[in-house]
$ cat work.tsv   # TSV, C-alpha atoms
chain	number	residue	atom	x	y	z
A	7	MET	CA	-34.76	-42.14	29.37
A	8	ASN	CA	-37.99	-40.13	29.25
A	9	ASP	CA	-38.93	-37.66	26.53
A	10	ASP	CA	-37.82	-34.57	28.44
A	11	VAL	CA	-34.35	-35.90	29.10
A	12	ARG	CA	-34.01	-37.08	25.51
A	13	ASN	CA	-35.00	-33.66	24.19
A	14	ILE	CA	-32.45	-31.97	26.45
A	15	VAL	CA	-29.68	-34.31	25.30
A	16	LEU	CA	-30.59	-33.83	21.64
A	17	GLY	CA	-30.64	-30.06	22.16
A	18	VAL	CA	-27.17	-30.11	23.73
A	19	ILE	CA	-25.82	-32.26	20.88
A	20	ALA	CA	-27.40	-29.99	18.25
A	21	THR	CA	-25.92	-26.91	19.94
A	22	ALA	CA	-22.47	-28.49	20.09
A	23	VAL	CA	-22.60	-29.55	16.43
A	24	SER	CA	-23.85	-26.12	15.33
A	25	GLY	CA	-21.18	-24.35	17.39
A	26	GLY	CA	-18.45	-26.62	16.07
A	27	PHE	CA	-19.56	-26.09	12.49
A	28	GLY	CA	-19.67	-22.32	13.01
A	29	TRP	CA	-16.17	-22.31	14.52
A	30	PHE	CA	-14.85	-24.43	11.62
A	31	SER	CA	-16.47	-22.11	9.05
A	32	ARG	CA	-15.09	-18.97	10.66
A	33	THR	CA	-11.62	-20.50	10.92
A	34	TYR	CA	-11.70	-21.63	7.30
A	35	LEU	CA	-12.80	-18.20	6.06
A	36	TRP	CA	-10.19	-16.45	8.22
A	37	ARG	CA	-7.41	-18.70	6.93
A	38	ARG	CA	-8.51	-18.25	3.33
A	39	ALA	CA	-8.53	-14.45	3.73
A	40	LEU	CA	-5.09	-14.61	5.34
A	41	ARG	CA	-3.68	-16.68	2.47
A	42	ARG	CA	-5.06	-14.19	-0.05
A	43	LYS	CA	-3.55	-11.28	1.88
A	44	GLN	CA	-0.19	-13.04	2.09
A	45	ALA	CA	-0.25	-13.78	-1.64
A	46	PHE	CA	-1.16	-10.20	-2.56
A	47	PHE	CA	1.59	-8.68	-0.43
A	48	GLY	CA	4.12	-11.44	-1.16
A	49	LEU	CA	4.42	-12.11	2.55
A	50	PRO	CA	4.10	-15.79	3.49
A	51	ALA	CA	4.42	-16.52	7.21
A	52	GLY	CA	8.00	-16.22	8.43
A	53	SER	CA	9.22	-14.37	5.35
A	54	ASP	CA	11.24	-11.16	5.38
A	55	CYS	CA	10.32	-7.86	3.77
A	56	LEU	CA	12.05	-4.54	3.24
A	57	PHE	CA	10.69	-1.15	4.26
A	58	VAL	CA	12.60	1.68	2.61
A	59	VAL	CA	12.17	5.02	4.36
A	60	ASN	CA	12.91	8.41	2.88
A	61	ARG	CA	14.32	11.53	4.46
A	62	GLN	CA	12.38	14.56	5.61
A	63	MET	CA	12.49	17.37	3.08
A	64	GLY	CA	14.25	20.37	4.60
A	65	GLY	CA	15.26	18.40	7.66
A	66	LYS	CA	18.42	16.61	8.69
A	67	GLU	CA	19.68	13.96	6.30
A	68	SER	CA	18.67	11.15	8.67
A	69	SER	CA	15.37	12.64	9.83
A	70	LEU	CA	11.97	11.12	9.04
A	71	HIS	CA	8.79	13.15	8.76
A	72	ARG	CA	6.13	12.36	11.34
A	73	ASN	CA	3.56	11.42	8.69
A	74	ASP	CA	6.05	9.05	7.03
A	75	ALA	CA	6.51	7.41	10.43
A	76	PHE	CA	2.73	7.00	10.60
A	77	ALA	CA	2.84	5.40	7.13
A	78	LEU	CA	5.36	2.92	8.52
A	79	LEU	CA	2.95	2.06	11.35
A	80	GLU	CA	0.06	1.56	8.90
A	81	ILE	CA	2.07	-0.89	6.81
A	82	SER	CA	3.68	-2.58	9.81
A	83	ALA	CA	0.21	-3.69	10.90
A	84	LEU	CA	-0.30	-5.42	7.54
A	85	ILE	CA	3.08	-7.12	7.75
A	86	LYS	CA	2.36	-8.32	11.29
A	87	ASP	CA	-1.01	-9.75	10.22
A	88	CYS	CA	0.76	-11.81	7.56
A	89	GLY	CA	3.24	-13.18	10.09
A	90	ALA	CA	6.24	-11.72	8.25
A	91	ASN	CA	9.33	-9.93	9.49
A	92	ILE	CA	10.27	-6.36	8.59
A	93	GLN	CA	13.68	-4.79	7.99
A	94	ILE	CA	13.77	-0.98	7.91
A	95	VAL	CA	16.48	0.68	5.83
A	96	THR	CA	17.07	4.23	4.66
A	97	HIS	CA	16.71	5.01	0.99
A	98	ASP	CA	20.43	5.64	0.45
A	99	THR	CA	21.54	2.33	1.97
A	100	ALA	CA	19.10	-0.01	0.18
A	101	ARG	CA	21.58	-1.09	-2.47
A	102	GLN	CA	20.01	-4.36	-3.54
A	103	GLY	CA	17.76	-5.74	-6.22
A	104	PHE	CA	14.09	-6.53	-5.95
A	105	GLY	CA	11.98	-9.65	-6.20
A	106	ASP	CA	13.72	-11.81	-3.59
A	107	ARG	CA	11.50	-10.35	-0.88
A	108	ALA	CA	8.57	-7.99	-0.69
A	109	GLU	CA	9.38	-4.30	-0.46
A	110	PHE	CA	7.53	-1.19	0.63
A	111	CYS	CA	9.15	2.01	-0.63
A	112	VAL	CA	7.79	5.28	0.75
A	113	GLY	CA	8.40	8.80	-0.53
A	114	GLY	CA	8.70	10.70	-3.78
A	115	PRO	CA	11.89	10.98	-5.84
A	116	THR	CA	12.83	14.26	-4.18
A	117	SER	CA	13.32	12.49	-0.85
A	118	ASN	CA	13.88	8.84	-1.78
A	119	ALA	CA	16.60	7.78	-4.22
A	120	ARG	CA	15.22	4.25	-4.42
A	121	THR	CA	11.88	5.63	-5.61
A	122	THR	CA	13.79	7.35	-8.42
A	123	ALA	CA	15.31	4.00	-9.41
A	124	HIS	CA	11.94	2.19	-9.30
A	125	LEU	CA	10.25	4.85	-11.41
A	126	ALA	CA	13.00	4.74	-14.01
A	127	SER	CA	13.14	0.95	-14.29
A	128	MET	CA	9.51	-0.11	-13.77
A	129	LEU	CA	7.33	2.98	-14.32
A	130	PRO	CA	9.12	4.89	-17.08
A	131	GLY	CA	5.91	6.60	-18.18
A	132	ILE	CA	5.77	8.67	-14.99
A	133	THR	CA	7.61	11.99	-14.77
A	134	VAL	CA	7.93	13.91	-11.52
A	135	THR	CA	9.06	17.54	-11.70
A	136	ILE	CA	11.83	18.04	-9.17
A	137	ASP	CA	13.36	21.34	-10.24
A	138	ALA	CA	10.78	23.92	-11.32
A	139	GLU	CA	10.92	27.66	-11.82
A	140	ARG	CA	7.33	28.06	-10.70
A	141	PRO	CA	6.48	26.77	-7.19
A	142	GLU	CA	3.14	25.34	-8.35
A	143	ASP	CA	4.96	22.98	-10.72
A	144	ARG	CA	7.27	21.54	-8.07
A	145	GLY	CA	6.47	17.87	-7.46
A	146	ALA	CA	3.97	17.71	-10.32
A	147	ILE	CA	3.25	14.16	-11.53
A	148	GLU	CA	2.86	13.63	-15.27
A	149	VAL	CA	1.48	10.37	-16.64
A	150	GLY	CA	-0.86	9.38	-19.45
A	151	GLY	CA	-1.05	12.91	-20.82
A	152	GLU	CA	-2.27	14.33	-17.50
A	153	THR	CA	-0.42	16.57	-15.05
A	154	TYR	CA	-1.26	16.37	-11.35
A	155	ARG	CA	-0.14	19.50	-9.47
A	156	TRP	CA	-0.44	19.89	-5.76
A	157	ARG	CA	-1.98	22.78	-3.89
A	158	LYS	CA	-0.66	22.81	-0.38
A	159	GLY	CA	-3.25	21.65	2.10
A	160	LEU	CA	-5.98	21.42	-0.56
A	161	GLU	CA	-5.01	18.84	-3.20
A	162	GLU	CA	-2.06	16.47	-2.93
A	163	TYR	CA	-1.39	13.50	-5.19
A	164	VAL	CA	0.37	10.20	-4.64
A	165	VAL	CA	1.25	7.25	-6.84
A	166	LEU	CA	0.37	3.89	-5.30
A	167	ALA	CA	1.77	0.96	-7.26
A	168	ARG	CA	2.23	-2.77	-6.91
A	169	LEU	CA	5.14	-3.81	-9.10
A	170	ALA	CA	5.50	-7.53	-9.67
A	171	GLY	CA	8.68	-8.93	-11.09
A	172	GLY	CA	12.27	-9.56	-10.27
A	173	GLU	CA	14.03	-12.88	-9.92
A	174	GLY	CA	12.11	-14.02	-6.84
A	175	GLY	CA	8.72	-12.72	-7.96
A	176	ARG	CA	7.98	-10.83	-4.72
A	177	PRO	CA	6.27	-7.45	-5.31
A	178	VAL	CA	7.43	-3.91	-4.66
A	179	PHE	CA	4.81	-1.55	-3.25
A	180	LEU	CA	5.63	2.03	-4.16
A	181	LEU	CA	4.05	4.96	-2.30
A	182	SER	CA	5.39	8.04	-4.06
A	183	GLY	CA	3.63	11.15	-2.85
A	184	GLN	CA	4.05	14.88	-3.26
A	185	THR	CA	3.99	15.33	0.52
A	186	ALA	CA	4.43	13.25	3.66
A	187	VAL	CA	0.67	13.47	4.27
A	188	SER	CA	0.00	11.93	0.85
A	189	ASN	CA	2.48	9.13	1.60
A	190	GLN	CA	0.55	8.32	4.76
A	191	ALA	CA	-2.74	8.56	2.86
A	192	ALA	CA	-1.50	5.96	0.36
A	193	ALA	CA	-0.48	3.63	3.20
A	194	ARG	CA	-3.90	4.04	4.79
A	195	TYR	CA	-5.63	3.46	1.46
A	196	LEU	CA	-3.61	0.28	0.95
A	197	ASN	CA	-4.47	-0.88	4.44
A	198	ARG	CA	-8.18	-0.26	3.99
A	199	HIS	CA	-8.64	-1.45	0.42
A	200	HIS	CA	-6.11	-4.26	-0.07
A	201	THR	CA	-8.90	-6.87	-0.25
A	202	ARG	CA	-10.62	-5.04	-3.11
A	203	LEU	CA	-7.30	-4.40	-4.86
A	204	ALA	CA	-6.35	-8.08	-4.58
A	205	ARG	CA	-9.74	-9.09	-5.96
A	206	ARG	CA	-9.33	-6.78	-8.96
A	207	TYR	CA	-5.64	-7.18	-9.79
A	208	GLY	CA	-4.63	-10.47	-8.22
A	209	ALA	CA	-0.88	-10.97	-8.51
A	210	GLU	CA	-0.54	-8.50	-11.40
A	211	SER	CA	1.10	-5.08	-11.34
A	212	PHE	CA	-0.99	-1.95	-11.02
A	213	CYS	CA	-0.40	1.79	-10.72
A	214	LEU	CA	-2.94	4.23	-9.29
A	215	VAL	CA	-3.03	7.97	-8.79
A	216	LEU	CA	-4.76	9.02	-5.56
A	217	LYS	CA	-5.77	12.51	-4.46
A	218	VAL	CA	-5.75	13.66	-0.85
A	219	VAL	CA	-8.50	16.25	-0.34
A	220	ASN	CA	-8.11	19.19	2.04
A	221	SER	CA	-5.41	17.71	4.23
A	222	ASP	CA	-5.32	20.89	6.33
A	223	ALA	CA	-8.76	19.94	7.62
A	224	TYR	CA	-8.90	16.15	7.22
A	225	GLY	CA	-5.29	15.00	7.27
A	226	PRO	CA	-4.79	11.75	5.30
A	227	ASP	CA	-8.34	10.48	5.86
A	228	VAL	CA	-10.14	11.77	2.73
A	229	THR	CA	-8.48	10.10	-0.24
A	230	GLU	CA	-9.96	9.60	-3.69
A	231	LEU	CA	-8.96	7.30	-6.52
A	232	VAL	CA	-8.27	9.59	-9.49
A	233	ALA	CA	-7.06	7.21	-12.18
A	234	ASP	CA	-5.71	3.76	-12.95
A	235	VAL	CA	-2.59	4.60	-14.95
A	236	THR	CA	-1.08	1.12	-15.10
A	237	ARG	CA	-0.66	1.00	-18.88
A	238	PRO	CA	0.73	4.52	-19.52
A	239	ALA	CA	2.93	4.36	-16.41
A	240	ARG	CA	4.64	1.22	-17.71
A	241	THR	CA	5.10	2.64	-21.22
A	242	PRO	CA	8.19	4.84	-21.74
A	243	ALA	CA	7.15	8.44	-22.25
A	244	ALA	CA	8.91	8.64	-25.65
A	245	ALA	CA	6.99	5.59	-26.87
A	246	ALA	CA	3.69	7.00	-25.70
A	247	VAL	CA	3.99	10.14	-27.84
$ encode --input "work.tsv" --output "structure tokens"
Amino acid sequence: MNDDVRNIVLGVIATAVSGGFGWFSRTYLWRRALRRKQAFFGLPAGSDCLFVVNRQMGGKESSLHRNDAFALLEISALIKDCGANIQIVTHDTARQGFGDRAEFCVGGPTSNARTTAHLASMLPGITVTIDAERPEDRGAIEVGGETYRWRKGLEEYVVLARLAGGEGGRPVFLLSGQTAVSNQAAARYLNRHHTRLARRYGAESFCLVLKVVNSDAYGPDVTELVADVTRPARTPAAAAV
């Protein structure tokens, strides 16, 4: 074997080794990221999860707002990535506990009875104004001494929470917005930022208030993190006074 042939063979071997190492590294990193995503969402491969949908305000009892349907699509992509299975139920038929399987609950307490139950049992420091004499107070979120009022099409707020607990330890993700657009915005925020949220909170509970800016112009795309209200949200309002 002359020098030229030897150099060619060594080059081919080096390329094969380098390519194999690169493929192994990419596969390892992809699998590690997938395991972290599955752990954060409580969705190991082949597991089941619950998606609780609300009803459209002002619509038929069984109707679903278009933006809430888009929120379902956003979250369905995450569930599919984890290799889990999804069961969709309406808020008034989800009569079961939590913790045995992961749950995604979408909609504020005015349209989702299960949200009302989750707020009362796991986030007692949050108060949502349902009946208000003044229109500007309707749907206002109070937590940690702050009141978040919505201005239609300009400022809309949503609570995004990961609630760990229950007998099985699987989390509940609560997306409780003042409008359907804010519900979708929370789903999109979760989809885009779950890696950063998992890095910061791990398997612990958290509760965030997000603001959707100028939804008339930007829809659910421009969303800002307003506050981390984990501690006051989990403290009963009477105890926080």
$ atom_distance --input "work.tsv" --atom1 "CA of Arg240 (chain A)" --atom2 "CA of Leu129 (chain A)"
4.7 Å
$ closest_residue --input "work.tsv" --among "A:Asp234, A:Thr116, A:Gly159, A:Asp227" --to "Arg206 (chain A)" --atoms "all atoms listed in the file"
A:Asp234
$ closest_residue --input "work.tsv" --among "A:Val235, A:Ser211, A:Ala83, A:Arg120" --to "Ile147 (chain A)" --atoms "all atoms listed in the file"
A:Val235
$ closest_atom_pairs --input "work.tsv" --of "region 90-163 of chain A" --to "region 169-183 of chain A" --cutoff "7 Å" --atoms "all atoms listed in the file" --output "tab-separated table"
residue	atom	partner	partner_atom	distance
A:Phe104	CA	A:Gly172	CA	5.6
A:Gly105	CA	A:Gly172	CA	4.1
A:Asp106	CA	A:Gly174	CA	4.2
A:Arg107	CA	A:Arg176	CA	5.2
A:Ala108	CA	A:Arg176	CA	5.0
A:Glu109	CA	A:Val178	CA	4.6
A:Phe110	CA	A:Phe179	CA	4.8
A:Cys111	CA	A:Leu180	CA	5.0
A:Val112	CA	A:Leu181	CA	4.8
A:Gly113	CA	A:Ser182	CA	4.7
A:Gly114	CA	A:Ser182	CA	4.3
A:Tyr163	CA	A:Gly183	CA	6.0
$ atom_distance --input "work.tsv" --atom1 "CA of Lys43 (chain A)" --atom2 "CA of Leu78 (chain A)"
18.0 Å
$ closest_residue --input "work.tsv" --among "A:Glu230, A:Asp87, A:Glu210, A:Glu148" --to "Val134 (chain A)" --atoms "all atoms listed in the file"
A:Glu148
$ atom_distance --input "work.tsv" --atom1 "CA of Thr236 (chain A)" --atom2 "CA of Leu125 (chain A)"
12.5 Å
$ closest_residue --input "work.tsv" --among "A:Ile94, A:Ala146, A:Leu214, A:Leu84" --to "Arg237 (chain A)" --atoms "all atoms listed in the file"
A:Leu214
$ residues_near_point --input "work.tsv" --point "(0.9, 10.4, -2.7)" --cutoff "9 Å" --atoms "all atoms listed in the file" --output "list in words"
Gly113, Gly114, Glu162, Tyr163, Val164, Val165, Leu166, Leu181, Ser182, Gly183, Gln184, Thr185, Ala186, Val187, Ser188, Asn189, Gln190, Ala191, Ala192, Val215, Leu216, Lys217 and Val218 of chain A
$ write_last_selection --input "work.tsv" --atoms "C-alpha atoms" --output "PDB file, in the frame of the given file"
ATOM      1  CA  GLY A 113       8.400   8.800  -0.530  1.00  0.00           C
ATOM      2  CA  GLY A 114       8.700  10.700  -3.780  1.00  0.00           C
ATOM      3  CA  GLU A 162      -2.060  16.470  -2.930  1.00  0.00           C
ATOM      4  CA  TYR A 163      -1.390  13.500  -5.190  1.00  0.00           C
ATOM      5  CA  VAL A 164       0.370  10.200  -4.640  1.00  0.00           C
ATOM      6  CA  VAL A 165       1.250   7.250  -6.840  1.00  0.00           C
ATOM      7  CA  LEU A 166       0.370   3.890  -5.300  1.00  0.00           C
ATOM      8  CA  LEU A 181       4.050   4.960  -2.300  1.00  0.00           C
ATOM      9  CA  SER A 182       5.390   8.040  -4.060  1.00  0.00           C
ATOM     10  CA  GLY A 183       3.630  11.150  -2.850  1.00  0.00           C
ATOM     11  CA  GLN A 184       4.050  14.880  -3.260  1.00  0.00           C
ATOM     12  CA  THR A 185       3.990  15.330   0.520  1.00  0.00           C
ATOM     13  CA  ALA A 186       4.430  13.250   3.660  1.00  0.00           C
ATOM     14  CA  VAL A 187       0.670  13.470   4.270  1.00  0.00           C
ATOM     15  CA  SER A 188       0.000  11.930   0.850  1.00  0.00           C
ATOM     16  CA  ASN A 189       2.480   9.130   1.600  1.00  0.00           C
ATOM     17  CA  GLN A 190       0.550   8.320   4.760  1.00  0.00           C
ATOM     18  CA  ALA A 191      -2.740   8.560   2.860  1.00  0.00           C
ATOM     19  CA  ALA A 192      -1.500   5.960   0.360  1.00  0.00           C
ATOM     20  CA  VAL A 215      -3.030   7.970  -8.790  1.00  0.00           C
ATOM     21  CA  LEU A 216      -4.760   9.020  -5.560  1.00  0.00           C
ATOM     22  CA  LYS A 217      -5.770  12.510  -4.460  1.00  0.00           C
ATOM     23  CA  VAL A 218      -5.750  13.660  -0.850  1.00  0.00           C
TER      24      VAL A 218
END
$ residues_around --input "work.tsv" --residues "Gly208 (chain A)" --least-positions-apart "5" --cutoff "12 Å" --atoms "all atoms listed in the file" --output "mmCIF file with C-alpha atoms, in the frame of the given file"
data_model
loop_
_atom_site.group_PDB
_atom_site.id
_atom_site.type_symbol
_atom_site.label_atom_id
_atom_site.label_comp_id
_atom_site.auth_asym_id
_atom_site.auth_seq_id
_atom_site.Cartn_x
_atom_site.Cartn_y
_atom_site.Cartn_z
ATOM 1 C CA ARG A 42 -5.060 -14.190 -0.050
ATOM 2 C CA LYS A 43 -3.550 -11.280 1.880
ATOM 3 C CA GLN A 44 -0.190 -13.040 2.090
ATOM 4 C CA ALA A 45 -0.250 -13.780 -1.640
ATOM 5 C CA PHE A 46 -1.160 -10.200 -2.560
ATOM 6 C CA PHE A 47 1.590 -8.680 -0.430
ATOM 7 C CA GLY A 48 4.120 -11.440 -1.160
ATOM 8 C CA ARG A 168 2.230 -2.770 -6.910
ATOM 9 C CA LEU A 169 5.140 -3.810 -9.100
ATOM 10 C CA ALA A 170 5.500 -7.530 -9.670
ATOM 11 C CA PRO A 177 6.270 -7.450 -5.310
ATOM 12 C CA HIS A 200 -6.110 -4.260 -0.070
ATOM 13 C CA THR A 201 -8.900 -6.870 -0.250
ATOM 14 C CA ARG A 202 -10.620 -5.040 -3.110
ATOM 15 C CA LEU A 203 -7.300 -4.400 -4.860
#
$ axis_aligned_box --input "work.tsv" --around "region 52-60 of chain A" --padding-each-side "4 Å" --output "JSON"
{"center_x": 10.5, "center_y": -3.9, "center_z": 5.5, "size_x": 12.9, "size_y": 32.6, "size_z": 13.8}
$ closest_residue --input "work.tsv" --among "A:Ala239, A:Gly52, A:Asn60, A:His124" --to "Gly150 (chain A)" --atoms "all atoms listed in the file"
A:Ala239
$ closest_residue --input "work.tsv" --among "A:Asn118, A:Asn220, A:Gln102, A:Thr153" --to "Ile132 (chain A)" --atoms "all atoms listed in the file"
A:Thr153
